[in-house]
$ cat final34.txt   # compact mmCIF, N, CA and C atoms
# COMPACT_ATOMS: atom_id res chain seq x y z
N MET A 1331 1.03 5.43 6.96
CA MET A 1331 -0.04 6.39 6.81
C MET A 1331 -0.90 6.02 5.61
N SER A 1332 -0.28 5.61 4.52
CA SER A 1332 -1.06 5.29 3.32
C SER A 1332 -1.91 4.03 3.53
N LEU A 1333 -1.39 3.05 4.25
CA LEU A 1333 -2.19 1.85 4.51
C LEU A 1333 -3.36 2.18 5.42
N ALA A 1334 -3.15 3.06 6.37
CA ALA A 1334 -4.26 3.48 7.23
C ALA A 1334 -5.34 4.18 6.41
N ALA A 1335 -4.93 4.99 5.47
CA ALA A 1335 -5.90 5.67 4.60
C ALA A 1335 -6.64 4.67 3.73
N ALA A 1336 -5.92 3.66 3.21
CA ALA A 1336 -6.57 2.65 2.38
C ALA A 1336 -7.55 1.81 3.20
N LEU A 1337 -7.18 1.51 4.44
CA LEU A 1337 -8.08 0.73 5.29
C LEU A 1337 -9.28 1.52 5.77
N SER A 1338 -9.21 2.84 5.69
CA SER A 1338 -10.34 3.66 6.12
C SER A 1338 -11.41 3.80 5.04
N VAL A 1339 -11.14 3.27 3.85
CA VAL A 1339 -12.16 3.27 2.80
C VAL A 1339 -13.32 2.39 3.27
N PRO A 1340 -14.53 2.89 3.23
CA PRO A 1340 -15.65 2.12 3.78
C PRO A 1340 -15.94 0.85 2.97
N THR A 1341 -16.49 -0.14 3.65
CA THR A 1341 -16.88 -1.39 3.01
C THR A 1341 -18.14 -1.20 2.18
N TYR A 1342 -19.02 -0.34 2.67
CA TYR A 1342 -20.28 -0.06 1.98
C TYR A 1342 -20.43 1.43 1.77
N THR A 1343 -21.11 1.79 0.68
CA THR A 1343 -21.37 3.20 0.39
C THR A 1343 -22.55 3.69 1.24
N ASP A 1344 -22.81 4.98 1.17
CA ASP A 1344 -23.94 5.53 1.92
C ASP A 1344 -25.27 4.96 1.44
N ALA A 1345 -25.32 4.54 0.20
CA ALA A 1345 -26.55 3.96 -0.35
C ALA A 1345 -26.74 2.51 0.08
N GLY A 1346 -25.72 1.92 0.71
CA GLY A 1346 -25.82 0.54 1.16
C GLY A 1346 -25.20 -0.47 0.22
N ALA A 1347 -24.72 -0.01 -0.92
CA ALA A 1347 -24.09 -0.92 -1.88
C ALA A 1347 -22.66 -1.20 -1.45
N ALA A 1348 -22.17 -2.35 -1.80
CA ALA A 1348 -20.80 -2.73 -1.45
C ALA A 1348 -19.81 -1.89 -2.26
N PHE A 1349 -18.74 -1.47 -1.61
CA PHE A 1349 -17.67 -0.74 -2.29
C PHE A 1349 -16.76 -1.79 -2.90
N LEU A 1350 -16.91 -2.04 -4.20
CA LEU A 1350 -16.30 -3.20 -4.85
C LEU A 1350 -14.78 -3.15 -4.93
N ASP A 1351 -14.22 -1.99 -5.05
CA ASP A 1351 -12.77 -1.88 -5.27
C ASP A 1351 -11.98 -1.66 -3.99
N ARG A 1352 -12.60 -1.82 -2.83
CA ARG A 1352 -11.89 -1.60 -1.57
C ARG A 1352 -10.72 -2.56 -1.42
N GLU A 1353 -10.92 -3.83 -1.71
CA GLU A 1353 -9.85 -4.82 -1.57
C GLU A 1353 -8.70 -4.50 -2.51
N LEU A 1354 -9.03 -4.06 -3.72
CA LEU A 1354 -7.99 -3.70 -4.69
C LEU A 1354 -7.17 -2.53 -4.18
N ILE A 1355 -7.81 -1.55 -3.59
CA ILE A 1355 -7.11 -0.38 -3.05
C ILE A 1355 -6.15 -0.81 -1.94
N VAL A 1356 -6.62 -1.67 -1.05
CA VAL A 1356 -5.78 -2.12 0.06
C VAL A 1356 -4.60 -2.94 -0.44
N VAL A 1357 -4.84 -3.84 -1.39
CA VAL A 1357 -3.76 -4.69 -1.91
C VAL A 1357 -2.72 -3.87 -2.66
N VAL A 1358 -3.16 -2.96 -3.51
CA VAL A 1358 -2.22 -2.13 -4.26
C VAL A 1358 -1.40 -1.27 -3.32
N THR A 1359 -2.03 -0.72 -2.30
CA THR A 1359 -1.30 0.10 -1.33
C THR A 1359 -0.26 -0.73 -0.59
N ALA A 1360 -0.62 -1.93 -0.17
CA ALA A 1360 0.33 -2.80 0.53
C ALA A 1360 1.50 -3.19 -0.37
N VAL A 1361 1.23 -3.49 -1.63
CA VAL A 1361 2.29 -3.85 -2.58
C VAL A 1361 3.23 -2.67 -2.79
N VAL A 1362 2.69 -1.48 -2.92
CA VAL A 1362 3.53 -0.30 -3.10
C VAL A 1362 4.43 -0.08 -1.89
N ILE A 1363 3.89 -0.28 -0.70
CA ILE A 1363 4.69 -0.11 0.52
C ILE A 1363 5.82 -1.14 0.56
N VAL A 1364 5.51 -2.40 0.30
CA VAL A 1364 6.52 -3.46 0.33
C VAL A 1364 7.59 -3.22 -0.73
N LEU A 1365 7.18 -2.88 -1.95
CA LEU A 1365 8.16 -2.63 -3.01
C LEU A 1365 9.05 -1.44 -2.69
N THR A 1366 8.48 -0.41 -2.10
CA THR A 1366 9.28 0.75 -1.71
C THR A 1366 10.35 0.36 -0.70
N LEU A 1367 9.97 -0.42 0.30
CA LEU A 1367 10.94 -0.85 1.31
C LEU A 1367 12.00 -1.77 0.72
N VAL A 1368 11.61 -2.69 -0.15
CA VAL A 1368 12.56 -3.62 -0.75
C VAL A 1368 13.55 -2.89 -1.65
N VAL A 1369 13.05 -2.00 -2.49
CA VAL A 1369 13.94 -1.27 -3.40
C VAL A 1369 14.91 -0.41 -2.61
N GLN A 1370 14.45 0.25 -1.58
CA GLN A 1370 15.35 1.06 -0.77
C GLN A 1370 16.37 0.19 -0.06
N GLY A 1371 15.93 -0.94 0.44
CA GLY A 1371 16.84 -1.83 1.15
C GLY A 1371 17.91 -2.43 0.25
N LEU A 1372 17.55 -2.75 -0.97
CA LEU A 1372 18.51 -3.34 -1.90
C LEU A 1372 19.43 -2.30 -2.53
N SER A 1373 18.97 -1.07 -2.64
CA SER A 1373 19.80 -0.04 -3.27
C SER A 1373 20.73 0.67 -2.30
N PHE A 1374 20.47 0.55 -1.01
CA PHE A 1374 21.30 1.29 -0.05
C PHE A 1374 22.76 0.82 -0.02
N PRO A 1375 23.05 -0.48 0.05
CA PRO A 1375 24.47 -0.90 0.10
C PRO A 1375 25.28 -0.46 -1.13
N PRO A 1376 24.79 -0.62 -2.36
CA PRO A 1376 25.58 -0.15 -3.49
C PRO A 1376 25.80 1.38 -3.49
N LEU A 1377 24.81 2.10 -3.06
CA LEU A 1377 24.94 3.55 -3.03
C LEU A 1377 25.82 4.02 -1.87
N HIS A 1378 25.87 3.23 -0.82
CA HIS A 1378 26.67 3.59 0.35
C HIS A 1378 28.14 3.33 0.11
N GLY A 1379 28.45 2.41 -0.80
CA GLY A 1379 29.84 2.19 -1.16
C GLY A 1379 30.47 0.96 -0.52
N HIS A 1380 29.69 0.11 0.09
CA HIS A 1380 30.24 -1.11 0.69
C HIS A 1380 29.94 -2.29 -0.13
$ encode --input "final34.txt" --output "structure tokens"
Amino acid sequence: MSLAAALSVPTYTDAGAAFLDRELIVVVTAVVIVLTLVVQGLSFPPLHGH
């Protein structure tokens, strides 16, 4: 859901100027998603007890 929201940020503003930080928003959102999945994946076995 968050990546879909980040990708929905327009490329250009209503005035016609480029939205300069769009790529940064998409990259940061993707990194947060990947880190969340990796941290959960790595922490589950120790917390599960195996």
$ atom_distance --input "final34.txt" --atom1 "atom CA of Gly1379 of chain A" --atom2 "atom CA of Ala1360 of chain A"
30.0 Å
$ atom_distance --input "final34.txt" --atom1 "atom CA of Val1361 of chain A" --atom2 "atom CA of Met1331 of chain A"
14.1 Å
$ residues_around --input "final34.txt" --residues "segment 1336-1346 of chain A" --least-positions-apart "3" --cutoff "6 Å" --atoms "only N, CA and C atoms" --output "number ranges by chain"
A: 1332-1333, 1349, 1355-1356
$ atom_distance --input "final34.txt" --atom1 "atom CA of Val1364 of chain A" --atom2 "atom N of Ala1334 of chain A"
13.1 Å
$ axis_aligned_box --input "final34.txt" --around "segment 1367-1380 of chain A" --padding-each-side "8 Å" --output "JSON"
{"center_x": 20.2, "center_y": 0.2, "center_z": -1.1, "size_x": 36.5, "size_y": 23.6, "size_z": 20.8}
